[in-house]
There are 2 protein chains.
Amino acid sequence: MQTKVEKLKINFKTLEEFKKFKEYGIQELSMLEDLEANIIDNDSESPFYGIYFGDKLVARMSLYQIDEKFDRYFTPPQSYVELWKLEVLPDYQGKGFGRELVEFAKSFGLPIKTNPRMQSFDFFEKMGFKSVDYETERDRGENPLLWYPEGTEE
Amino acid sequence: MQTKVEKLKINFKTLEEFKKFKEYGIQELSMLEDLEANIIDNDSESPFYGIYFGDKLVARMSLYQIDEKFDRYFTPPQSYVELWKLEVLPDYQGKGFGRELVEFAKSFGLPIKTNPRMQSFDFFEKMGFKSVDYETERDRGENPLLWYPEGTEE
């Protein structure tokens with residue numbers, strides 16, 4: 001089946017599907033509360049992108065463009081994309097959905113920063129991400145990995 | 001057995017003990033490389049605190065004081081302590097070691113910020129931590145919890 005990456009709208013169906021992902025936290029709870037309290041509308045924009053297999057959400061990630069004035073990773077400072085909560089449901093792993101999401105993130109043409117679990121380090125290294133030199137004040141408990149489009153450097 | 005929280009020195013024995021903890025990542029690997037390359041001395045200072053049971057490290061956390069100019073959680077901005085990698089080895093859980101570490105962190109008299117796994121949310125709430133209002137740009141994939149000493153507020 002042909003799949004594609006799409007921007008996820010926030011509605012009760014999406015939020016119900018989010019519960020199946022391990023990395024479910026304050027971000028999702030906050031969206032659910034905002035929807036229930038009519039603080040955000042049904043089908044509001046979200047920073048999440050996902051892949052549907054049939055009508056089932058099987059993979060997702062969150063992407064957010066960080067302005068260069070908040071950049072602490074590149075010299076000179078530049079805008080970049082932060083990627084988090086990249087996750088493929090267990091039954092759908094090993095089918096290229098993770099790769100499809102990362103390729104989509106790369107298509108913005110900006111550097112990407114992510115802070116993966118150590119278990120997914122190999123995956124991100126295969127996708128061309130490189131480890132930063134750890135700095136306590138900046139990185140604290142994170143394990144930051146960076147990817148650069150051709151022509152840019154750390 | 002009476003236990004106490006102590007600041008951990010970085011040496012090969014400590015780094016070997018760190019490998020038993022699940023939250024082992026770039027921070028630890030970086031300390032190991034620096035030690036091996038003589039970039040840091042044996043018994044250098046670290047941001048880690050731990051509890052020994054006999055001569056075995058059974059619980060640890062990392063603490064780091066964040067200067068008020070980097071504060072994005074409190075109004076007005078103030079210095080606070082960031083706590084990460086709080087972890088008790090499986091055979092030593094439920095004996096109060098986690099609580100002992102958090103009480104130690106509180107003894108600095110500064111607000112504390114942490115970003116726990118969702119599984120340990122209940123523990124931190126019992127310890128008096130409160131969830132922040134989630135903001136995408138600031139919090140991204142984090143689940144931030146804050147604790148305030150008496151007399152301070154978010």
# chains A, B, ... in the order shown; residues from 1 in each chain; ligands from 1
$ interface_residues --of "chain A" --to "chain B" --cutoff "6 Å" --atoms "only C-alpha atoms" --output "PyMOL selection string"
chain A and resi 26+84+141+143
$ calpha_fit_and_write --fixed "chain B" --moving "chain A" --output "compact mmCIF listing (two decimals) with N, CA and C atoms, in the first residue's frame"
# COMPACT_ATOMS: atom_id res chain seq x y z
N MET A 1 20.45 -0.37 57.12
CA MET A 1 21.73 0.35 56.94
C MET A 1 21.47 1.84 56.69
N GLN A 2 22.20 2.68 57.38
CA GLN A 2 22.08 4.11 57.20
C GLN A 2 22.68 4.49 55.84
N THR A 3 21.97 5.28 55.06
CA THR A 3 22.52 5.70 53.76
C THR A 3 22.60 7.22 53.72
N LYS A 4 23.43 7.71 52.81
CA LYS A 4 23.47 9.16 52.62
C LYS A 4 23.68 9.48 51.14
N VAL A 5 23.29 10.69 50.77
CA VAL A 5 23.48 11.16 49.39
C VAL A 5 24.86 11.78 49.30
N GLU A 6 25.62 11.38 48.30
CA GLU A 6 26.93 12.02 48.13
C GLU A 6 27.19 12.42 46.69
N LYS A 7 28.02 13.44 46.53
CA LYS A 7 28.39 13.90 45.20
C LYS A 7 29.33 12.86 44.61
N LEU A 8 29.09 12.47 43.36
CA LEU A 8 29.90 11.40 42.77
C LEU A 8 31.12 11.97 42.05
N LYS A 9 32.26 11.36 42.31
CA LYS A 9 33.49 11.69 41.62
C LYS A 9 33.53 10.87 40.33
N ILE A 10 34.08 11.46 39.29
CA ILE A 10 34.19 10.72 38.03
C ILE A 10 35.50 9.93 37.99
N ASN A 11 35.34 8.63 38.02
CA ASN A 11 36.50 7.74 37.86
C ASN A 11 35.99 6.47 37.18
N PHE A 12 36.89 5.57 36.86
CA PHE A 12 36.46 4.39 36.08
C PHE A 12 35.48 3.52 36.85
N LYS A 13 35.62 3.48 38.18
CA LYS A 13 34.67 2.68 38.98
C LYS A 13 33.25 3.26 38.88
N THR A 14 33.14 4.58 39.07
CA THR A 14 31.82 5.21 38.97
C THR A 14 31.22 4.97 37.59
N LEU A 15 32.04 5.17 36.54
CA LEU A 15 31.51 5.04 35.18
C LEU A 15 31.09 3.61 34.87
N GLU A 16 31.78 2.66 35.48
CA GLU A 16 31.38 1.26 35.33
C GLU A 16 30.02 1.04 36.01
N GLU A 17 29.84 1.63 37.17
CA GLU A 17 28.55 1.48 37.88
C GLU A 17 27.42 2.17 37.10
N PHE A 18 27.73 3.27 36.44
CA PHE A 18 26.70 3.98 35.66
C PHE A 18 26.08 3.08 34.59
N LYS A 19 26.87 2.13 34.08
CA LYS A 19 26.36 1.27 33.00
C LYS A 19 25.17 0.42 33.42
N LYS A 20 24.99 0.26 34.73
CA LYS A 20 23.85 -0.54 35.22
C LYS A 20 22.53 0.23 35.17
N PHE A 21 22.62 1.55 34.97
CA PHE A 21 21.39 2.36 34.96
C PHE A 21 20.85 2.45 33.54
N LYS A 22 19.52 2.41 33.44
CA LYS A 22 18.89 2.44 32.11
C LYS A 22 19.17 3.75 31.37
N GLU A 23 19.16 4.85 32.13
CA GLU A 23 19.35 6.15 31.48
C GLU A 23 20.84 6.44 31.30
N TYR A 24 21.47 5.62 30.48
CA TYR A 24 22.89 5.78 30.19
C TYR A 24 22.97 6.35 28.78
N GLY A 25 23.66 7.49 28.62
CA GLY A 25 23.64 8.12 27.30
C GLY A 25 24.91 8.89 27.00
N ILE A 26 24.75 9.92 26.16
CA ILE A 26 25.90 10.70 25.69
C ILE A 26 26.66 11.34 26.84
N GLN A 27 25.91 11.75 27.88
CA GLN A 27 26.55 12.39 29.02
C GLN A 27 27.60 11.46 29.65
N GLU A 28 27.23 10.22 29.89
CA GLU A 28 28.14 9.26 30.51
C GLU A 28 29.27 8.87 29.54
N LEU A 29 28.91 8.68 28.27
CA LEU A 29 29.93 8.32 27.27
C LEU A 29 30.97 9.42 27.14
N SER A 30 30.49 10.66 27.20
CA SER A 30 31.38 11.80 27.08
C SER A 30 32.36 11.86 28.27
N MET A 31 31.85 11.57 29.48
CA MET A 31 32.73 11.57 30.66
C MET A 31 33.78 10.46 30.55
N LEU A 32 33.34 9.30 30.04
CA LEU A 32 34.27 8.17 29.89
C LEU A 32 35.38 8.50 28.89
N GLU A 33 34.98 9.09 27.77
CA GLU A 33 35.98 9.48 26.76
C GLU A 33 36.96 10.52 27.31
N ASP A 34 36.41 11.50 28.04
CA ASP A 34 37.27 12.55 28.60
C ASP A 34 38.28 11.98 29.60
N LEU A 35 37.83 10.98 30.36
CA LEU A 35 38.71 10.35 31.34
C LEU A 35 39.79 9.52 30.63
N GLU A 36 39.36 8.77 29.63
CA GLU A 36 40.32 7.93 28.89
C GLU A 36 41.37 8.77 28.15
N ALA A 37 40.93 9.94 27.68
CA ALA A 37 41.84 10.79 26.90
C ALA A 37 42.59 11.78 27.80
N ASN A 38 42.47 11.58 29.12
CA ASN A 38 43.09 12.48 30.10
C ASN A 38 42.66 13.94 29.95
N ILE A 39 41.47 14.16 29.38
CA ILE A 39 40.94 15.52 29.29
C ILE A 39 40.41 15.94 30.66
N ILE A 40 39.90 14.98 31.41
CA ILE A 40 39.58 15.26 32.82
C ILE A 40 40.37 14.31 33.69
N ASP A 41 40.63 14.75 34.92
CA ASP A 41 41.39 13.94 35.85
C ASP A 41 40.51 12.90 36.51
N ASN A 42 41.14 11.85 36.98
CA ASN A 42 40.47 10.88 37.83
C ASN A 42 39.89 11.63 39.04
N ASP A 43 38.70 11.23 39.48
CA ASP A 43 38.02 11.88 40.61
C ASP A 43 37.64 13.33 40.35
N SER A 44 37.39 13.68 39.09
CA SER A 44 36.87 15.01 38.76
C SER A 44 35.46 15.16 39.32
N GLU A 45 35.04 16.41 39.47
CA GLU A 45 33.67 16.72 39.87
C GLU A 45 32.70 16.28 38.78
N SER A 46 31.49 15.94 39.17
CA SER A 46 30.44 15.63 38.20
C SER A 46 29.15 16.25 38.68
N PRO A 47 28.15 16.35 37.81
CA PRO A 47 26.86 16.85 38.29
C PRO A 47 26.01 15.72 38.91
N PHE A 48 26.60 14.55 39.12
CA PHE A 48 25.84 13.41 39.65
C PHE A 48 25.95 13.30 41.18
N TYR A 49 24.84 12.89 41.77
CA TYR A 49 24.78 12.56 43.19
C TYR A 49 24.24 11.15 43.29
N GLY A 50 24.66 10.42 44.31
CA GLY A 50 24.20 9.04 44.39
C GLY A 50 24.13 8.53 45.81
N ILE A 51 23.56 7.35 45.95
CA ILE A 51 23.48 6.66 47.24
C ILE A 51 24.14 5.29 47.09
N TYR A 52 25.08 5.03 47.99
CA TYR A 52 25.73 3.71 48.02
C TYR A 52 25.04 2.85 49.07
N PHE A 53 24.89 1.58 48.72
CA PHE A 53 24.40 0.60 49.69
C PHE A 53 25.55 -0.39 49.82
N GLY A 54 26.25 -0.34 50.97
CA GLY A 54 27.55 -0.99 51.02
C GLY A 54 28.45 -0.22 50.07
N ASP A 55 29.16 -0.91 49.20
CA ASP A 55 29.99 -0.16 48.23
C ASP A 55 29.38 -0.19 46.82
N LYS A 56 28.09 -0.45 46.75
CA LYS A 56 27.41 -0.52 45.47
C LYS A 56 26.54 0.73 45.26
N LEU A 57 26.71 1.38 44.11
CA LEU A 57 25.88 2.54 43.78
C LEU A 57 24.49 2.04 43.38
N VAL A 58 23.46 2.39 44.15
CA VAL A 58 22.13 1.83 43.91
C VAL A 58 21.12 2.87 43.42
N ALA A 59 21.46 4.16 43.55
CA ALA A 59 20.55 5.21 43.11
C ALA A 59 21.38 6.42 42.71
N ARG A 60 20.88 7.17 41.74
CA ARG A 60 21.63 8.36 41.33
C ARG A 60 20.70 9.38 40.71
N MET A 61 21.21 10.59 40.60
CA MET A 61 20.52 11.65 39.86
C MET A 61 21.57 12.65 39.44
N SER A 62 21.22 13.50 38.47
CA SER A 62 22.09 14.58 38.05
C SER A 62 21.40 15.88 38.46
N LEU A 63 22.17 16.80 39.02
CA LEU A 63 21.63 18.11 39.46
C LEU A 63 22.49 19.20 38.89
N TYR A 64 21.84 20.26 38.42
CA TYR A 64 22.64 21.34 37.85
C TYR A 64 21.90 22.65 38.09
N GLN A 65 22.63 23.64 38.62
CA GLN A 65 21.98 24.93 38.88
C GLN A 65 21.93 25.75 37.59
N ILE A 66 20.71 26.16 37.20
CA ILE A 66 20.51 26.95 36.00
C ILE A 66 20.39 28.42 36.40
N ASP A 67 21.17 29.25 35.75
CA ASP A 67 21.16 30.68 36.08
C ASP A 67 19.84 31.32 35.66
N GLU A 68 19.42 32.33 36.42
CA GLU A 68 18.12 32.96 36.13
C GLU A 68 18.04 33.52 34.71
N LYS A 69 19.18 33.86 34.10
CA LYS A 69 19.09 34.44 32.76
C LYS A 69 18.66 33.38 31.72
N PHE A 70 18.75 32.11 32.07
CA PHE A 70 18.26 31.05 31.17
C PHE A 70 16.88 30.52 31.57
N ASP A 71 16.33 31.10 32.64
CA ASP A 71 15.05 30.60 33.15
C ASP A 71 13.91 30.93 32.19
N ARG A 72 13.08 29.92 31.89
CA ARG A 72 11.88 30.15 31.09
C ARG A 72 10.63 29.61 31.80
N TYR A 73 10.77 29.37 33.11
CA TYR A 73 9.65 28.77 33.83
C TYR A 73 9.03 29.65 34.90
N PHE A 74 9.81 30.61 35.43
CA PHE A 74 9.33 31.37 36.58
C PHE A 74 9.19 32.86 36.26
N THR A 75 8.19 33.49 36.94
CA THR A 75 8.01 34.94 36.82
C THR A 75 8.05 35.52 38.22
N PRO A 76 8.98 36.45 38.55
CA PRO A 76 10.12 36.85 37.72
C PRO A 76 11.13 35.71 37.59
N PRO A 77 12.00 35.79 36.56
CA PRO A 77 13.01 34.74 36.36
C PRO A 77 13.87 34.54 37.61
N GLN A 78 14.20 33.32 37.89
CA GLN A 78 15.08 33.05 39.03
C GLN A 78 15.92 31.82 38.77
N SER A 79 17.00 31.71 39.52
CA SER A 79 17.84 30.52 39.41
C SER A 79 17.07 29.32 39.93
N TYR A 80 17.31 28.17 39.33
CA TYR A 80 16.66 26.95 39.80
C TYR A 80 17.58 25.77 39.56
N VAL A 81 17.19 24.64 40.10
CA VAL A 81 17.98 23.42 39.95
C VAL A 81 17.28 22.52 38.94
N GLU A 82 18.03 22.03 37.94
CA GLU A 82 17.44 21.05 37.04
C GLU A 82 17.90 19.66 37.49
N LEU A 83 16.93 18.76 37.57
CA LEU A 83 17.18 17.40 38.06
C LEU A 83 16.88 16.43 36.91
N TRP A 84 17.83 15.56 36.59
CA TRP A 84 17.53 14.56 35.56
C TRP A 84 18.21 13.25 35.92
N LYS A 85 17.82 12.20 35.21
CA LYS A 85 18.38 10.85 35.44
C LYS A 85 18.27 10.40 36.89
N LEU A 86 17.15 10.71 37.51
CA LEU A 86 16.88 10.14 38.83
C LEU A 86 16.48 8.69 38.61
N GLU A 87 17.23 7.78 39.19
CA GLU A 87 16.96 6.36 38.92
C GLU A 87 17.47 5.51 40.07
N VAL A 88 16.66 4.54 40.45
CA VAL A 88 17.03 3.58 41.49
C VAL A 88 17.10 2.21 40.82
N LEU A 89 18.17 1.46 41.06
CA LEU A 89 18.28 0.13 40.45
C LEU A 89 17.11 -0.75 40.89
N PRO A 90 16.61 -1.61 39.98
CA PRO A 90 15.39 -2.38 40.24
C PRO A 90 15.33 -3.07 41.61
N ASP A 91 16.40 -3.76 42.01
CA ASP A 91 16.37 -4.50 43.27
C ASP A 91 16.30 -3.60 44.50
N TYR A 92 16.49 -2.30 44.31
CA TYR A 92 16.55 -1.39 45.46
C TYR A 92 15.39 -0.40 45.47
N GLN A 93 14.40 -0.63 44.60
CA GLN A 93 13.26 0.27 44.56
C GLN A 93 12.31 0.02 45.72
N GLY A 94 11.51 1.03 46.04
CA GLY A 94 10.52 0.89 47.12
C GLY A 94 11.12 0.95 48.51
N LYS A 95 12.38 1.40 48.61
CA LYS A 95 13.03 1.47 49.92
C LYS A 95 13.31 2.93 50.34
N GLY A 96 12.77 3.87 49.58
CA GLY A 96 12.92 5.28 49.97
C GLY A 96 14.15 5.98 49.40
N PHE A 97 14.93 5.31 48.52
CA PHE A 97 16.13 5.95 47.98
C PHE A 97 15.78 7.10 47.02
N GLY A 98 14.73 6.93 46.24
CA GLY A 98 14.30 8.00 45.34
C GLY A 98 13.89 9.23 46.14
N ARG A 99 13.10 8.99 47.18
CA ARG A 99 12.67 10.08 48.06
C ARG A 99 13.88 10.77 48.70
N GLU A 100 14.86 9.97 49.12
CA GLU A 100 16.05 10.55 49.77
C GLU A 100 16.80 11.48 48.79
N LEU A 101 16.89 11.08 47.54
CA LEU A 101 17.56 11.93 46.54
C LEU A 101 16.78 13.23 46.33
N VAL A 102 15.46 13.12 46.19
CA VAL A 102 14.66 14.33 45.95
C VAL A 102 14.73 15.27 47.15
N GLU A 103 14.68 14.71 48.37
CA GLU A 103 14.78 15.57 49.56
C GLU A 103 16.12 16.31 49.57
N PHE A 104 17.15 15.61 49.12
CA PHE A 104 18.47 16.24 49.04
C PHE A 104 18.43 17.42 48.05
N ALA A 105 17.81 17.21 46.89
CA ALA A 105 17.73 18.28 45.89
C ALA A 105 16.95 19.47 46.44
N LYS A 106 15.89 19.19 47.20
CA LYS A 106 15.10 20.26 47.79
C LYS A 106 15.88 21.08 48.80
N SER A 107 16.89 20.44 49.42
CA SER A 107 17.62 21.11 50.49
C SER A 107 18.43 22.31 50.00
N PHE A 108 18.59 22.45 48.67
CA PHE A 108 19.27 23.63 48.14
C PHE A 108 18.41 24.89 48.32
N GLY A 109 17.10 24.69 48.55
CA GLY A 109 16.21 25.84 48.76
C GLY A 109 15.84 26.57 47.49
N LEU A 110 16.14 25.98 46.33
CA LEU A 110 15.78 26.59 45.04
C LEU A 110 14.64 25.79 44.41
N PRO A 111 13.89 26.43 43.49
CA PRO A 111 12.91 25.64 42.74
C PRO A 111 13.62 24.54 41.95
N ILE A 112 12.90 23.49 41.67
CA ILE A 112 13.47 22.36 40.92
C ILE A 112 12.62 22.12 39.69
N LYS A 113 13.30 21.87 38.57
CA LYS A 113 12.60 21.46 37.36
C LYS A 113 13.08 20.07 36.98
N THR A 114 12.14 19.21 36.58
CA THR A 114 12.54 17.90 36.06
C THR A 114 11.65 17.52 34.90
N ASN A 115 12.08 16.55 34.12
CA ASN A 115 11.36 16.11 32.94
C ASN A 115 11.28 14.59 32.97
N PRO A 116 10.44 14.05 33.86
CA PRO A 116 10.46 12.61 34.09
C PRO A 116 9.75 11.82 32.99
N ARG A 117 10.06 10.54 32.90
CA ARG A 117 9.23 9.60 32.15
C ARG A 117 7.83 9.64 32.75
N MET A 118 6.84 9.38 31.92
CA MET A 118 5.46 9.42 32.42
C MET A 118 5.23 8.40 33.55
N GLN A 119 5.98 7.27 33.52
CA GLN A 119 5.79 6.25 34.56
C GLN A 119 6.12 6.78 35.96
N SER A 120 7.00 7.81 36.04
CA SER A 120 7.39 8.26 37.38
C SER A 120 6.66 9.55 37.77
N PHE A 121 5.62 9.90 36.99
CA PHE A 121 4.84 11.09 37.32
C PHE A 121 4.23 11.02 38.71
N ASP A 122 3.65 9.87 39.04
CA ASP A 122 2.99 9.73 40.35
C ASP A 122 3.97 9.96 41.49
N PHE A 123 5.17 9.39 41.32
CA PHE A 123 6.20 9.58 42.34
C PHE A 123 6.49 11.06 42.55
N PHE A 124 6.71 11.79 41.44
CA PHE A 124 7.05 13.20 41.59
C PHE A 124 5.88 14.02 42.13
N GLU A 125 4.66 13.65 41.77
CA GLU A 125 3.52 14.37 42.32
C GLU A 125 3.42 14.15 43.83
N LYS A 126 3.70 12.91 44.25
CA LYS A 126 3.71 12.65 45.70
C LYS A 126 4.78 13.48 46.40
N MET A 127 5.86 13.79 45.66
CA MET A 127 6.94 14.59 46.23
C MET A 127 6.65 16.09 46.11
N GLY A 128 5.44 16.44 45.67
CA GLY A 128 5.05 17.86 45.66
C GLY A 128 5.33 18.61 44.37
N PHE A 129 5.73 17.89 43.31
CA PHE A 129 5.97 18.54 42.02
C PHE A 129 4.64 18.77 41.30
N LYS A 130 4.60 19.88 40.52
CA LYS A 130 3.39 20.21 39.78
C LYS A 130 3.69 20.35 38.29
N SER A 131 2.73 19.92 37.48
CA SER A 131 2.87 20.00 36.02
C SER A 131 2.78 21.46 35.57
N VAL A 132 3.59 21.83 34.58
CA VAL A 132 3.48 23.17 33.99
C VAL A 132 2.38 23.16 32.92
N ASP A 133 1.95 24.36 32.50
CA ASP A 133 1.10 24.43 31.32
C ASP A 133 2.00 24.23 30.11
N TYR A 134 1.69 23.21 29.32
CA TYR A 134 2.55 22.86 28.19
C TYR A 134 2.60 23.97 27.13
N GLU A 135 3.83 24.34 26.72
CA GLU A 135 4.02 25.29 25.61
C GLU A 135 4.95 24.64 24.60
N THR A 136 4.48 24.47 23.37
CA THR A 136 5.25 23.71 22.37
C THR A 136 6.67 24.23 22.20
N GLU A 137 6.81 25.54 21.99
CA GLU A 137 8.14 26.08 21.69
C GLU A 137 9.13 25.85 22.83
N ARG A 138 8.61 25.98 24.07
CA ARG A 138 9.50 25.82 25.22
C ARG A 138 9.69 24.35 25.59
N ASP A 139 8.60 23.60 25.60
CA ASP A 139 8.65 22.27 26.20
C ASP A 139 8.86 21.13 25.21
N ARG A 140 8.51 21.36 23.92
CA ARG A 140 8.71 20.33 22.88
C ARG A 140 8.33 18.94 23.38
N GLY A 141 9.24 18.00 23.36
CA GLY A 141 8.88 16.64 23.77
C GLY A 141 8.95 16.40 25.27
N GLU A 142 9.14 17.46 26.05
CA GLU A 142 9.32 17.28 27.50
C GLU A 142 7.99 17.20 28.24
N ASN A 143 8.05 16.66 29.45
CA ASN A 143 6.91 16.62 30.37
C ASN A 143 7.34 17.31 31.66
N PRO A 144 7.46 18.64 31.63
CA PRO A 144 8.13 19.32 32.75
C PRO A 144 7.28 19.34 34.02
N LEU A 145 7.93 19.08 35.12
CA LEU A 145 7.33 19.19 36.44
C LEU A 145 8.19 20.15 37.26
N LEU A 146 7.51 20.96 38.08
CA LEU A 146 8.23 21.93 38.89
C LEU A 146 7.90 21.75 40.36
N TRP A 147 8.89 22.05 41.19
CA TRP A 147 8.67 22.10 42.63
C TRP A 147 9.15 23.45 43.13
N TYR A 148 8.36 24.06 44.01
CA TYR A 148 8.72 25.37 44.55
C TYR A 148 8.95 25.30 46.03
N PRO A 149 10.04 25.91 46.51
CA PRO A 149 10.19 26.02 47.97
C PRO A 149 9.08 26.91 48.51
N GLU A 150 8.75 26.77 49.77
CA GLU A 150 7.71 27.63 50.34
C GLU A 150 8.03 29.10 50.07
N GLY A 151 7.01 29.84 49.66
CA GLY A 151 7.22 31.28 49.45
C GLY A 151 7.51 31.66 48.01
N THR A 152 7.72 30.67 47.10
CA THR A 152 7.92 31.00 45.69
C THR A 152 6.79 30.41 44.85
N GLU A 153 6.58 31.00 43.68
CA GLU A 153 5.50 30.53 42.80
C GLU A 153 5.95 30.46 41.35
N GLU A 154 5.11 29.80 40.51
CA GLU A 154 5.44 29.73 39.07
C GLU A 154 5.39 31.11 38.45
$ select_by_dssp --residues "range 22-125 of chain B" --states "strand (DSSP E)" --output "list in words"
Phe48, Tyr49, Gly50, Ile51, Tyr52, Phe53, Lys56, Leu57, Val58, Ala59, Arg60, Met61, Ser62, Leu63, Tyr64, Gln65, Ile66, Tyr80, Val81, Glu82, Leu83, Trp84, Lys85, Leu86, Glu87, Val88, Ile112, Lys113 and Thr114 of chain B
$ write_last_selection --atoms "C-alpha atoms" --output "PDB file, in the first residue's frame"
ATOM      1  CA  PHE B  48      25.837  13.411  39.656  1.00  0.00           C
ATOM      2  CA  TYR B  49      24.773  12.559  43.190  1.00  0.00           C
ATOM      3  CA  GLY B  50      24.202   9.054  44.390  1.00  0.00           C
ATOM      4  CA  ILE B  51      23.467   6.663  47.225  1.00  0.00           C
ATOM      5  CA  TYR B  52      25.736   3.720  48.022  1.00  0.00           C
ATOM      6  CA  PHE B  53      24.396   0.612  49.687  1.00  0.00           C
ATOM      7  CA  LYS B  56      27.411  -0.512  45.465  1.00  0.00           C
ATOM      8  CA  LEU B  57      25.876   2.544  43.778  1.00  0.00           C
ATOM      9  CA  VAL B  58      22.125   1.834  43.898  1.00  0.00           C
ATOM     10  CA  ALA B  59      20.535   5.212  43.088  1.00  0.00           C
ATOM     11  CA  ARG B  60      21.634   8.348  41.329  1.00  0.00           C
ATOM     12  CA  MET B  61      20.518  11.652  39.851  1.00  0.00           C
ATOM     13  CA  SER B  62      22.085  14.576  38.056  1.00  0.00           C
ATOM     14  CA  LEU B  63      21.617  18.091  39.452  1.00  0.00           C
ATOM     15  CA  TYR B  64      22.626  21.339  37.844  1.00  0.00           C
ATOM     16  CA  GLN B  65      21.957  24.921  38.866  1.00  0.00           C
ATOM     17  CA  ILE B  66      20.505  26.955  36.001  1.00  0.00           C
ATOM     18  CA  TYR B  80      16.660  26.944  39.813  1.00  0.00           C
ATOM     19  CA  VAL B  81      17.973  23.423  39.951  1.00  0.00           C
ATOM     20  CA  GLU B  82      17.433  21.055  37.062  1.00  0.00           C
ATOM     21  CA  LEU B  83      17.177  17.400  38.061  1.00  0.00           C
ATOM     22  CA  TRP B  84      17.541  14.558  35.556  1.00  0.00           C
ATOM     23  CA  LYS B  85      18.378  10.843  35.428  1.00  0.00           C
ATOM     24  CA  LEU B  86      16.873  10.134  38.834  1.00  0.00           C
ATOM     25  CA  GLU B  87      16.950   6.354  38.913  1.00  0.00           C
ATOM     26  CA  VAL B  88      17.027   3.573  41.482  1.00  0.00           C
ATOM     27  CA  ILE B 112      13.462  22.355  40.926  1.00  0.00           C
ATOM     28  CA  LYS B 113      12.596  21.449  37.357  1.00  0.00           C
ATOM     29  CA  THR B 114      12.538  17.894  36.079  1.00  0.00           C
TER      30      THR B 114
END
$ select_by_dssp --residues "range 37-141 of chain B" --states "alpha helix (DSSP H)" --output "JSON, numbers by chain"
{"B": [97, 98, 99, 100, 101, 102, 103, 104, 105, 106, 121, 122, 123, 124, 125, 126, 136, 137, 138, 139]}
$ write_last_selection --atoms "C-alpha atoms" --output "PDB file, in the first residue's frame"
ATOM      1  CA  PHE B  97      16.126   5.945  47.974  1.00  0.00           C
ATOM      2  CA  GLY B  98      14.305   7.999  45.326  1.00  0.00           C
ATOM      3  CA  ARG B  99      12.693  10.083  48.050  1.00  0.00           C
ATOM      4  CA  GLU B 100      16.066  10.548  49.761  1.00  0.00           C
ATOM      5  CA  LEU B 101      17.554  11.921  46.526  1.00  0.00           C
ATOM      6  CA  VAL B 102      14.664  14.329  45.945  1.00  0.00           C
ATOM      7  CA  GLU B 103      14.779  15.572  49.555  1.00  0.00           C
ATOM      8  CA  PHE B 104      18.476  16.249  49.027  1.00  0.00           C
ATOM      9  CA  ALA B 105      17.722  18.278  45.867  1.00  0.00           C
ATOM     10  CA  LYS B 106      15.092  20.255  47.778  1.00  0.00           C
ATOM     11  CA  PHE B 121       4.841  11.082  37.333  1.00  0.00           C
ATOM     12  CA  ASP B 122       2.980   9.736  40.360  1.00  0.00           C
ATOM     13  CA  PHE B 123       6.203   9.581  42.344  1.00  0.00           C
ATOM     14  CA  PHE B 124       7.052  13.204  41.601  1.00  0.00           C
ATOM     15  CA  GLU B 125       3.520  14.370  42.313  1.00  0.00           C
ATOM     16  CA  LYS B 126       3.709  12.651  45.697  1.00  0.00           C
ATOM     17  CA  THR B 136       5.252  23.716  22.376  1.00  0.00           C
ATOM     18  CA  GLU B 137       8.150  26.065  21.690  1.00  0.00           C
ATOM     19  CA  ARG B 138       9.520  25.807  25.219  1.00  0.00           C
ATOM     20  CA  ASP B 139       8.654  22.263  26.207  1.00  0.00           C
TER      21      ASP B 139
END
